[in-house]
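S.K.: There's a structure below that I have some questions on.
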Amino acid sequence: MNDKNKYALITGATSGFGYEFAKLFAADSYNLILVARSNEGLEGVARELTSQYSIDVKTIAQDLFSPNAAEEVYRTVSSWNVTVDVLVNDAGQGEYGKFLDYDLDRDIDLIQLNITAVVGLTKYFGKDMAARNSGKILQVASLLSKYPTPLMAVYAGTKAFVLSFSEALINELKDTNVTVTVLMPGAADTDFFHKAGAEGTVIYRETELSDPTDVAKDGYEALRSGESKVVSGAKNKVQAAMSNMMPDSALAATMRKQMAPSEKEEGRSEITHPASRTERERIQESIGKADGDLEKHEDHAHD
Ligand SMILES: NC(=O)c1ccc[n+]([C@@H]2O[C@H](COP(=O)([O-])OP(=O)(O)OC[C@H]3O[C@@H](n4cnc5c(N)ncnc54)[C@H](OP(=O)(O)O)[C@@H]3O)[C@@H](O)[C@H]2O)c1
């Protein structure tokens, strides 16, 4: 298949799976539209890929926490007059902690990013694909789509939504040439746990994490062949199968143990996936700068 003139739009393309998806599409000569919040991160990925492949890479710095984000992204893409052949809804975040112990604003943001933006982008670009009777959509869900997860209750709920929504859409589109593929990764070595404040958990510190390169490859291959669903990794396939046989209360109890704080002194603390590590360093740097700005501001206030 010649993908020379095709465009893939990938959200969350600066780190983790999204970055790996961008590399896979670029290697197959897809042009890219990369979406994330950090302009610096986007420009870095765009530079890296255009130096290796003769493709067009466009970037959209957009915060998908904002309610009209999907429409904004669609408007920008429409103004460029390019056709999106593949949509990858990858960007997503979680929050660690007891549901009643942190602010509602954070839940609303997660629902906005993990659900509203996914529904919006799927609606806008899906309609165009249906009109052309051609296109592919990849929805990044999670193994947690099947597991109610204490201490990450809202996150797992949003991923259950992504799975259910996508399964229904697959059925609605079954007689067309528009395909929807759901990727269900297990815990992986990305910045996800750090963004969620879950880097002290048993699952992050003590268990084997998937390599984002392998996860993205599984999703990419499933998307290319038009499969409807893929669970990435042998261990995760077993866990997904078990989830169909166990009551929800037992699934929640299993996840509670995984999400408990790790008491091991030795354990994983750092990301090894390079792009995700860069993402973490960029975030730490900007937090440092913001703290510095705040200190300067406070110093002024005392002048
Ligand atoms: N890692 C895991 O263990 C795991 C397992 C199962 C499923 N997943 C899912 O996989 C997807 C990718 O996660 P990852 O592990 O690759 O995480 P990651 O390394 O943290 O990457 C997240 C990407 O999303 C972007 N993003 C985050 N918040 C955003 C916002 N408000 N607006 C726009 N872009 C935003 C980030 O860039 P900016 O920060 O610059 O915006 C980054 O490019 C998510 O949907 C996640 O839920 C992850």
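Order determines the names: the first chain of the structure tokens is A, the second B, and so forth; residues in each chain are numbered 1 upward, and ligands are numbered 1 upward as they are shown.
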Show me which residues are within 8 Å of ligand 1 counting only C-alpha atoms and all ligand atoms, and format the list as a ChimeraX atom specification.

M.R.: /A:11-19,35-39,41-42,61-66,89-94,109,113-114,140-144,155,159,184-195,209-210,212,275-276,279,283

S.K.: Would you please extract all strand (DSSP E or B) residues from segment 147-274 of chain A, as assigned by DSSP on the backbone, and give them as number ranges by chain?

M.R.: A: 178-184, 188, 201, 210, 229-231, 261

S.K.: Create the file for the chosen residues now, containing C-alpha atoms and written as a JSON list (two decimals), in the first residue's frame.

M.R.:
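Ended up saving to again.json:
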[["chain", "number", "residue", "atom", "x", "y", "z"],
["A", 178, "VAL", "CA", -14.01, 2.65, 8.07],
["A", 179, "THR", "CA", -12.38, 0.53, 10.76],
["A", 180, "VAL", "CA", -12.08, 1.11, 14.49],
["A", 181, "THR", "CA", -9.42, -0.72, 16.50],
["A", 182, "VAL", "CA", -9.18, -0.75, 20.29],
["A", 183, "LEU", "CA", -5.75, -1.17, 21.86],
["A", 184, "MET", "CA", -5.66, -2.44, 25.44],
["A", 188, "ALA", "CA", 3.94, 0.25, 30.62],
["A", 201, "THR", "CA", 2.65, 1.87, 43.70],
["A", 210, "SER", "CA", 5.53, -3.37, 28.98],
["A", 229, "LYS", "CA", -9.38, -5.25, 19.43],
["A", 230, "VAL", "CA", -5.90, -6.11, 20.64],
["A", 231, "VAL", "CA", -4.63, -6.74, 24.15],
["A", 261, "PRO", "CA", 1.91, 1.83, 47.97]]

S.K.: Which of these, A:Ser51, A:Arg277, A:Leu87, A:Ser228, has the shortest distance to Ala168 of chain A once you count only C-alpha atoms?

M.R.: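 Checking each of A:Ser51, A:Arg277, A:Leu87, A:Ser228 against Ala168 of chain A, counting only C-alpha atoms, the winner is A:Ser228.
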
S.K.: Identify, on the basis of only C-alpha atoms, every residue whose closest approach to Gln258 of chain A does not exceed 12 Å; exclude the query and any residue fewer than 6 positions from it along the same chain; express the result as number ranges by chain.

M.R.: A: 144, 147, 149-152, 187, 198-207, 251-252

S.K.: What is the distance, in Å and to one decimal place, between atom CA of Ala131 of chain A and atom CA of Glu20 of chain A?

M.R.: 29.4 Å

S.K.: Taking only segment 35-244 of chain A into account, list the residues labelled alpha helix (DSSP H) by DSSP (computed from the backbone), as an NGL selection string.

M.R.: :A and (39-52 or 69-80 or 104-111 or 117-132 or 153-172 or 192-196 or 202-206 or 212-224 or 234-243)

S.K.: Of the candidates A:Gln284, A:Lys98, A:Asp107, A:Ala216, which shows the shortest atom-to-atom distance to Met259 of chain A, using only C-alpha atoms?

M.R.: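 Among the listed residues, A:Lys98 lies closest to Met259 of chain A.
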
S.K.: Calculated over only C-alpha atoms, which of the candidates A:Pro148, A:Gly157, A:Gly97, A:Gly120 has the smallest distance to Ala260 of chain A?

M.R.: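 Ranked by minimum distance to Ala260 of chain A, first place goes to A:Gly97.
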
S.K.: Of the residues A:Asp211, A:Asp56, A:Glu270, A:Asp85, which is the one nearest to Ala26 of chain A, using only C-alpha atoms?

M.R.: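 The answer is A:Asp56, which sits nearest to Ala26 of chain A.
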
S.K.: From the list A:Leu173, A:Ala222, A:Val154, A:Val88, which residue is nearest Arg106 of chain A when using only C-alpha atoms?

M.R.: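 Result for the nearest residue to Arg106 of chain A: A:Val154.
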